>>> print(open('my_file.pdb').read())   # PDB, C-alpha atoms
ATOM      1  CA  MET A 621      -9.164  -9.208  16.077  1.00  0.00           C
ATOM      2  CA  THR A 622      -9.237  -7.211  19.299  1.00  0.00           C
ATOM      3  CA  ALA A 623      -6.133  -5.273  18.307  1.00  0.00           C
ATOM      4  CA  THR A 624      -7.662  -4.435  14.935  1.00  0.00           C
ATOM      5  CA  LEU A 625     -10.839  -3.111  16.515  1.00  0.00           C
ATOM      6  CA  LEU A 626      -8.872  -1.136  19.105  1.00  0.00           C
ATOM      7  CA  ILE A 627      -6.702   0.494  16.425  1.00  0.00           C
ATOM      8  CA  LEU A 628      -9.803   1.244  14.330  1.00  0.00           C
ATOM      9  CA  ALA A 629     -11.652   2.775  17.281  1.00  0.00           C
ATOM     10  CA  LEU A 630      -8.676   4.912  18.279  1.00  0.00           C
ATOM     11  CA  THR A 631      -8.254   6.052  14.684  1.00  0.00           C
ATOM     12  CA  VAL A 632     -11.910   7.054  14.401  1.00  0.00           C
ATOM     13  CA  VAL A 633     -11.726   8.972  17.683  1.00  0.00           C
ATOM     14  CA  MET A 634      -8.607  10.804  16.540  1.00  0.00           C
ATOM     15  CA  PHE A 635     -10.291  11.693  13.227  1.00  0.00           C
ATOM     16  CA  ILE A 636     -13.325  13.062  15.098  1.00  0.00           C
ATOM     17  CA  ILE A 637     -11.288  15.055  17.618  1.00  0.00           C
ATOM     18  CA  GLY A 638      -9.198  16.581  14.846  1.00  0.00           C
ATOM     19  CA  ARG A 639      -6.279  17.840  16.945  1.00  0.00           C
ATOM     20  CA  VAL A 640      -3.813  15.751  14.944  1.00  0.00           C
ATOM     21  CA  ARG A 641      -3.675  16.057  11.165  1.00  0.00           C
ATOM     22  CA  SER A 642      -5.636  13.318   9.429  1.00  0.00           C
ATOM     23  CA  ASP A 643      -2.696  12.130   7.323  1.00  0.00           C
ATOM     24  CA  VAL A 644      -0.612  11.646  10.469  1.00  0.00           C
ATOM     25  CA  VAL A 645      -3.436   9.682  12.106  1.00  0.00           C
ATOM     26  CA  ALA A 646      -3.789   7.457   9.035  1.00  0.00           C
ATOM     27  CA  LEU A 647      -0.051   6.766   8.844  1.00  0.00           C
ATOM     28  CA  CYS A 648       0.062   5.987  12.565  1.00  0.00           C
ATOM     29  CA  ALA A 649      -2.813   3.531  12.147  1.00  0.00           C
ATOM     30  CA  LEU A 650      -1.008   1.926   9.209  1.00  0.00           C
ATOM     31  CA  SER A 651       2.189   1.703  11.252  1.00  0.00           C
ATOM     32  CA  ALA A 652       0.331   0.149  14.187  1.00  0.00           C
ATOM     33  CA  LEU A 653      -1.207  -2.480  11.913  1.00  0.00           C
ATOM     34  CA  LEU A 654       2.234  -3.250  10.486  1.00  0.00           C
ATOM     35  CA  LEU A 655       3.948  -3.447  13.885  1.00  0.00           C
ATOM     36  CA  THR A 656       1.311  -5.781  15.314  1.00  0.00           C
ATOM     37  CA  GLY A 657       1.617  -8.092  12.320  1.00  0.00           C
ATOM     38  CA  ILE A 658      -2.003  -7.663  11.263  1.00  0.00           C
ATOM     39  CA  LEU A 659      -0.874  -6.424   7.836  1.00  0.00           C
ATOM     40  CA  THR A 660       2.111  -7.557   5.819  1.00  0.00           C
ATOM     41  CA  PRO A 661       4.256  -4.872   4.194  1.00  0.00           C
ATOM     42  CA  GLU A 662       2.898  -5.903   0.783  1.00  0.00           C
ATOM     43  CA  GLU A 663      -0.687  -5.427   1.958  1.00  0.00           C
ATOM     44  CA  ALA A 664       0.077  -2.168   3.703  1.00  0.00           C
ATOM     45  CA  PHE A 665       1.762  -0.504   0.750  1.00  0.00           C
ATOM     46  CA  ALA A 666      -0.441  -1.949  -2.006  1.00  0.00           C
ATOM     47  CA  GLY A 667      -2.532   1.219  -2.035  1.00  0.00           C
ATOM     48  CA  PHE A 668       0.489   3.350  -2.883  1.00  0.00           C
ATOM     49  CA  SER A 669       1.248   1.537  -6.138  1.00  0.00           C
ATOM     50  CA  SER A 670      -0.277   1.766  -9.579  1.00  0.00           C
ATOM     51  CA  SER A 671      -0.732  -1.217 -11.857  1.00  0.00           C
ATOM     52  CA  SER A 672      -1.832   0.836 -14.881  1.00  0.00           C
ATOM     53  CA  SER A 673       1.510   0.661 -16.657  1.00  0.00           C
TER      54      SER A 673
END
>>> encode(input="my_file.pdb", output="structure tokens")
Amino acid sequence: MTATLLILALTVVMFIIGRVRSDVVALCALSALLLTGILTPEEAFAGFSSSSS
């Protein structure tokens, strides 16, 4: 839980500062959650798929 909150806080700070593009910040946060094992690959990439077909 601490790692999740730390990644979230760092992500919010990076969004506010704005020196790094927001898509890069979001992908880095996603990668950090994957590497720490907080998210499984299925959970992480579920937002990129479409179940409409």
>>> atom_distance(input="my_file.pdb", atom1="atom CA of Gly657 of chain A", atom2="atom CA of Val632 of chain A")
20.4 Å
>>> atom_distance(input="my_file.pdb", atom1="atom CA of Ile637 of chain A", atom2="atom CA of Ala652 of chain A")
19.2 Å
>>> residues_around(input="my_file.pdb", residues="Leu626 of chain A", least_positions_apart="4", cutoff="12 Å", atoms="all atoms listed in the file", output="JSON list (two decimals) with C-alpha atoms, keeping the file's coordinate frame")
[["chain", "number", "residue", "atom", "x", "y", "z"],
["A", 621, "MET", "CA", -9.16, -9.21, 16.08],
["A", 622, "THR", "CA", -9.24, -7.21, 19.30],
["A", 630, "LEU", "CA", -8.68, 4.91, 18.28],
["A", 631, "THR", "CA", -8.25, 6.05, 14.68],
["A", 632, "VAL", "CA", -11.91, 7.05, 14.40],
["A", 633, "VAL", "CA", -11.73, 8.97, 17.68],
["A", 649, "ALA", "CA", -2.81, 3.53, 12.15],
["A", 652, "ALA", "CA", 0.33, 0.15, 14.19],
["A", 653, "LEU", "CA", -1.21, -2.48, 11.91],
["A", 656, "THR", "CA", 1.31, -5.78, 15.31]]
>>> atom_distance(input="my_file.pdb", atom1="atom CA of Thr660 of chain A", atom2="atom CA of Leu625 of chain A")
17.4 Å
>>> resolve_selection(input="my_file.pdb", expression="the PyMOL selection byres ((chain A and resi 645) around 12)", output="PyMOL selection string")
chain A and resi 627-644+646-652
>>> decode(input="my_file.pdb", residues="segment 622-637 of chain A", atoms="all heavy atoms", output="tab-separated table (two decimals), in the first residue's frame")
chain	number	residue	atom	x	y	z
A	622	THR	N	1.98	1.21	0.70
A	622	THR	CA	2.88	2.36	0.75
A	622	THR	C	3.46	2.65	-0.63
A	622	THR	O	3.55	3.82	-1.03
A	622	THR	CB	4.01	2.09	1.76
A	622	THR	OG1	3.45	1.78	3.02
A	622	THR	CG2	4.90	3.30	1.88
A	623	ALA	N	3.82	1.60	-1.35
A	623	ALA	CA	4.38	1.80	-2.69
A	623	ALA	C	3.34	2.42	-3.62
A	623	ALA	O	3.67	3.30	-4.43
A	623	ALA	CB	4.86	0.47	-3.25
A	624	THR	N	2.11	1.99	-3.51
A	624	THR	CA	1.04	2.54	-4.33
A	624	THR	C	0.85	4.03	-4.06
A	624	THR	O	0.76	4.84	-4.99
A	624	THR	CB	-0.29	1.82	-4.07
A	624	THR	OG1	-0.09	0.41	-4.25
A	624	THR	CG2	-1.38	2.30	-4.99
A	625	LEU	N	0.82	4.41	-2.81
A	625	LEU	CA	0.65	5.81	-2.45
A	625	LEU	C	1.85	6.65	-2.87
A	625	LEU	O	1.70	7.79	-3.31
A	625	LEU	CB	0.39	5.95	-0.96
A	625	LEU	CG	-0.94	5.39	-0.46
A	625	LEU	CD1	-1.03	5.48	1.05
A	625	LEU	CD2	-2.10	6.10	-1.12
A	626	LEU	N	3.04	6.09	-2.76
A	626	LEU	CA	4.25	6.80	-3.18
A	626	LEU	C	4.25	7.03	-4.70
A	626	LEU	O	4.54	8.14	-5.16
A	626	LEU	CB	5.49	6.02	-2.77
A	626	LEU	CG	6.83	6.65	-3.08
A	626	LEU	CD1	6.98	7.97	-2.32
A	626	LEU	CD2	7.95	5.71	-2.72
A	627	ILE	N	3.89	6.01	-5.46
A	627	ILE	CA	3.82	6.15	-6.92
A	627	ILE	C	2.75	7.16	-7.29
A	627	ILE	O	2.95	8.01	-8.16
A	627	ILE	CB	3.56	4.78	-7.58
A	627	ILE	CG1	4.77	3.89	-7.39
A	627	ILE	CG2	3.23	4.95	-9.06
A	627	ILE	CD1	4.54	2.43	-7.76
A	628	LEU	N	1.60	7.11	-6.63
A	628	LEU	CA	0.51	8.06	-6.90
A	628	LEU	C	0.94	9.49	-6.58
A	628	LEU	O	0.71	10.40	-7.38
A	628	LEU	CB	-0.72	7.68	-6.08
A	628	LEU	CG	-1.92	8.63	-6.20
A	628	LEU	CD1	-2.45	8.65	-7.63
A	628	LEU	CD2	-2.99	8.24	-5.23
A	629	ALA	N	1.58	9.69	-5.44
A	629	ALA	CA	2.02	11.03	-5.06
A	629	ALA	C	3.05	11.57	-6.04
A	629	ALA	O	2.97	12.74	-6.45
A	629	ALA	CB	2.59	11.00	-3.64
A	630	LEU	N	4.01	10.74	-6.42
A	630	LEU	CA	5.02	11.17	-7.37
A	630	LEU	C	4.40	11.50	-8.73
A	630	LEU	O	4.77	12.48	-9.37
A	630	LEU	CB	6.09	10.10	-7.52
A	630	LEU	CG	7.27	10.43	-8.42
A	630	LEU	CD1	8.01	11.65	-7.90
A	630	LEU	CD2	8.21	9.24	-8.50
A	631	THR	N	3.43	10.71	-9.13
A	631	THR	CA	2.74	10.96	-10.40
A	631	THR	C	1.99	12.28	-10.37
A	631	THR	O	2.07	13.07	-11.32
A	631	THR	CB	1.77	9.80	-10.71
A	631	THR	OG1	2.51	8.57	-10.74
A	631	THR	CG2	1.06	10.00	-12.03
A	632	VAL	N	1.29	12.55	-9.29
A	632	VAL	CA	0.55	13.81	-9.16
A	632	VAL	C	1.51	15.00	-9.19
A	632	VAL	O	1.26	16.00	-9.86
A	632	VAL	CB	-0.31	13.81	-7.87
A	632	VAL	CG1	-0.87	15.18	-7.59
A	632	VAL	CG2	-1.43	12.79	-7.99
A	633	VAL	N	2.62	14.88	-8.48
A	633	VAL	CA	3.61	15.96	-8.47
A	633	VAL	C	4.16	16.21	-9.87
A	633	VAL	O	4.28	17.36	-10.31
A	633	VAL	CB	4.75	15.65	-7.47
A	633	VAL	CG1	5.92	16.59	-7.65
A	633	VAL	CG2	4.23	15.70	-6.05
A	634	MET	N	4.46	15.13	-10.58
A	634	MET	CA	4.98	15.28	-11.94
A	634	MET	C	3.94	15.89	-12.88
A	634	MET	O	4.28	16.68	-13.75
A	634	MET	CB	5.46	13.94	-12.48
A	634	MET	CG	6.66	13.38	-11.75
A	634	MET	SD	8.10	14.46	-11.78
A	634	MET	CE	8.57	14.33	-13.48
A	635	PHE	N	2.67	15.55	-12.70
A	635	PHE	CA	1.61	16.17	-13.49
A	635	PHE	C	1.52	17.67	-13.20
A	635	PHE	O	1.34	18.49	-14.10
A	635	PHE	CB	0.25	15.53	-13.22
A	635	PHE	CG	0.01	14.24	-13.96
A	635	PHE	CD1	-0.64	13.19	-13.35
A	635	PHE	CD2	0.40	14.08	-15.28
A	635	PHE	CE1	-0.90	12.01	-14.02
A	635	PHE	CE2	0.16	12.90	-15.96
A	635	PHE	CZ	-0.50	11.86	-15.33
A	636	ILE	N	1.65	18.05	-11.94
A	636	ILE	CA	1.54	19.46	-11.55
A	636	ILE	C	2.73	20.26	-12.07
A	636	ILE	O	2.56	21.36	-12.58
A	636	ILE	CB	1.40	19.59	-10.02
A	636	ILE	CG1	0.04	19.05	-9.57
A	636	ILE	CG2	1.57	21.03	-9.57
A	636	ILE	CD1	-0.12	18.91	-8.08
A	637	ILE	N	3.93	19.70	-11.92
A	637	ILE	CA	5.13	20.40	-12.37
A	637	ILE	C	5.10	20.61	-13.88
A	637	ILE	O	5.41	21.69	-14.37
A	637	ILE	CB	6.40	19.65	-11.94
A	637	ILE	CG1	6.55	19.72	-10.42
A	637	ILE	CG2	7.63	20.21	-12.63
A	637	ILE	CD1	7.65	18.86	-9.88
